[in-house]
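Participant: Below are the structure tokens for one structure; questions will follow.
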Amino acid sequence: MSALTITARDADTGPVLEITGDLDYETAPELRKAVDGLTVAAGQLLVLDLAHLDFCDSSGISALLSARSLAIERGGHIALAAVPANTARILRIVGLDQVFALHQDAATATTRSSAAH
């Protein structure tokens, strides 16, 4: 089990959260809290960088959906970057690959042409 670390930074397109470790039942509330504390302005893109995500269970998927809801509620958008293969498979199985914009990496997600919706 890996501890969850969430690092926030700003990009030209909006906030980026780098998520490292396990996103599960015990740690999902940490992601919700981090997203609640963000400023996502109308038209901005919230990017969740999952390059260093080790594990994601159904509670983690639920936290990703909560982040999406919050971004949309504030007039923004959301994208997932560098989704690990096992998590991408789950997203495909449940159809969430059609709900989230998926990008190869955070740099691609935060380029203006990729971020445009």
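Residue names in the structure tokens use chain letters A, B, ... in the order shown, residue numbers from 1 in each chain, and ligand numbers from 1 in the order shown.
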Using only C-alpha atoms, determine which residues lie at most 10 Å from stretch 48-61 of chain A, disregarding the query and same-chain residues fewer than 4 positions distant; provide the list as JSON, numbers by chain.

Facilitator: {"A": [1, 2, 3, 4, 5, 6, 7, 8, 15, 16, 17, 18, 19, 20, 21, 22, 23, 24, 25, 26, 27, 28, 29, 31, 32, 35, 65, 66, 67, 68, 78, 79, 80, 81, 82, 83, 84, 86, 87, 90, 91, 96, 102, 103, 104, 105, 106, 107, 109]}

Participant: Looking only at helix (DSSP H, G or I) from DSSP on the backbone, list the matching residues of chain A as a ChimeraX atom specification.

Facilitator: /A:28-36,58-73,85-93,96-98,106-109,112-115

Participant: Mind checking DSSP for stretch 44-100 of chain A and telling me the strand (DSSP E or B) residues as a ChimeraX atom specification?

Facilitator: /A:45-56,77-81

Participant: Given the selection you just returned, output its residues as a file containing N, CA and C atoms, formatted as a PDB file, in the first residue's frame.

Facilitator:
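part-v2.pdb was written with the following content:
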```
ATOM      1  N   LEU A  45      -9.388  24.336 -17.253  1.00  0.00           N
ATOM      2  CA  LEU A  45      -9.278  22.883 -17.293  1.00  0.00           C
ATOM      3  C   LEU A  45      -8.564  22.401 -16.040  1.00  0.00           C
ATOM      4  N   LEU A  46      -9.210  21.503 -15.312  1.00  0.00           N
ATOM      5  CA  LEU A  46      -8.587  20.824 -14.183  1.00  0.00           C
ATOM      6  C   LEU A  46      -7.973  19.539 -14.729  1.00  0.00           C
ATOM      7  N   VAL A  47      -6.666  19.407 -14.566  1.00  0.00           N
ATOM      8  CA  VAL A  47      -5.979  18.200 -15.027  1.00  0.00           C
ATOM      9  C   VAL A  47      -5.570  17.378 -13.820  1.00  0.00           C
ATOM     10  N   LEU A  48      -5.950  16.104 -13.834  1.00  0.00           N
ATOM     11  CA  LEU A  48      -5.497  15.168 -12.818  1.00  0.00           C
ATOM     12  C   LEU A  48      -4.412  14.315 -13.462  1.00  0.00           C
ATOM     13  N   ASP A  49      -3.181  14.528 -13.031  1.00  0.00           N
ATOM     14  CA  ASP A  49      -2.026  13.812 -13.576  1.00  0.00           C
ATOM     15  C   ASP A  49      -1.852  12.524 -12.786  1.00  0.00           C
ATOM     16  N   LEU A  50      -2.120  11.400 -13.456  1.00  0.00           N
ATOM     17  CA  LEU A  50      -2.096  10.095 -12.788  1.00  0.00           C
ATOM     18  C   LEU A  50      -0.844   9.294 -13.115  1.00  0.00           C
ATOM     19  N   ALA A  51       0.187   9.943 -13.598  1.00  0.00           N
ATOM     20  CA  ALA A  51       1.416   9.248 -14.016  1.00  0.00           C
ATOM     21  C   ALA A  51       2.009   8.381 -12.900  1.00  0.00           C
ATOM     22  N   HIS A  52       1.832   8.794 -11.656  1.00  0.00           N
ATOM     23  CA  HIS A  52       2.430   8.056 -10.538  1.00  0.00           C
ATOM     24  C   HIS A  52       1.376   7.409  -9.644  1.00  0.00           C
ATOM     25  N   LEU A  53       0.190   7.187 -10.215  1.00  0.00           N
ATOM     26  CA  LEU A  53      -0.866   6.494  -9.483  1.00  0.00           C
ATOM     27  C   LEU A  53      -0.533   5.005  -9.472  1.00  0.00           C
ATOM     28  N   ASP A  54      -0.453   4.417  -8.286  1.00  0.00           N
ATOM     29  CA  ASP A  54      -0.109   3.001  -8.170  1.00  0.00           C
ATOM     30  C   ASP A  54      -1.336   2.100  -8.187  1.00  0.00           C
ATOM     31  N   PHE A  55      -2.444   2.578  -7.626  1.00  0.00           N
ATOM     32  CA  PHE A  55      -3.635   1.745  -7.471  1.00  0.00           C
ATOM     33  C   PHE A  55      -4.855   2.646  -7.396  1.00  0.00           C
ATOM     34  N   CYS A  56      -5.957   2.208  -7.978  1.00  0.00           N
ATOM     35  CA  CYS A  56      -7.213   2.954  -7.908  1.00  0.00           C
ATOM     36  C   CYS A  56      -8.361   1.959  -7.817  1.00  0.00           C
ATOM     37  N   HIS A  77     -13.685  22.384 -16.998  1.00  0.00           N
ATOM     38  CA  HIS A  77     -13.619  21.064 -17.609  1.00  0.00           C
ATOM     39  C   HIS A  77     -12.603  20.249 -16.831  1.00  0.00           C
ATOM     40  N   ILE A  78     -12.540  18.959 -17.132  1.00  0.00           N
ATOM     41  CA  ILE A  78     -11.552  18.098 -16.472  1.00  0.00           C
ATOM     42  C   ILE A  78     -10.923  17.180 -17.503  1.00  0.00           C
ATOM     43  N   ALA A  79      -9.675  16.834 -17.256  1.00  0.00           N
ATOM     44  CA  ALA A  79      -8.965  15.862 -18.087  1.00  0.00           C
ATOM     45  C   ALA A  79      -8.110  14.993 -17.176  1.00  0.00           C
ATOM     46  N   LEU A  80      -7.956  13.754 -17.571  1.00  0.00           N
ATOM     47  CA  LEU A  80      -7.058  12.843 -16.882  1.00  0.00           C
ATOM     48  C   LEU A  80      -5.833  12.658 -17.763  1.00  0.00           C
ATOM     49  N   ALA A  81      -4.662  12.732 -17.167  1.00  0.00           N
ATOM     50  CA  ALA A  81      -3.418  12.594 -17.919  1.00  0.00           C
ATOM     51  C   ALA A  81      -2.621  11.397 -17.409  1.00  0.00           C
TER      52      ALA A  81
END
```

Participant: From the set A:Leu64, A:Thr110, A:Gly43, A:Asp97, which residue has the shortest atom-to-atom contact distance to A:Arg9, counting only C-alpha atoms?

Facilitator: A:Thr110

Participant: For the atom pair atom CA of A:Ile93 and atom CA of A:Thr111, what is the interatomic distance in Å to one decimal place?

Facilitator: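 Separation between atom CA of A:Ile93 and atom CA of A:Thr111: 28.0 Å.
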
Participant: Calculate how many Å separate atom CA of A:Asp36 from atom CA of A:Val94, rounding to one decimal.

Facilitator: 25.1 Å

Participant: At what distance in Å, to one decimal, does atom CA of A:Gly95 lie from atom CA of A:Ala41?

Facilitator: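 Separation of atom CA of A:Ala41 and atom CA of A:Gly95: 27.1 Å.
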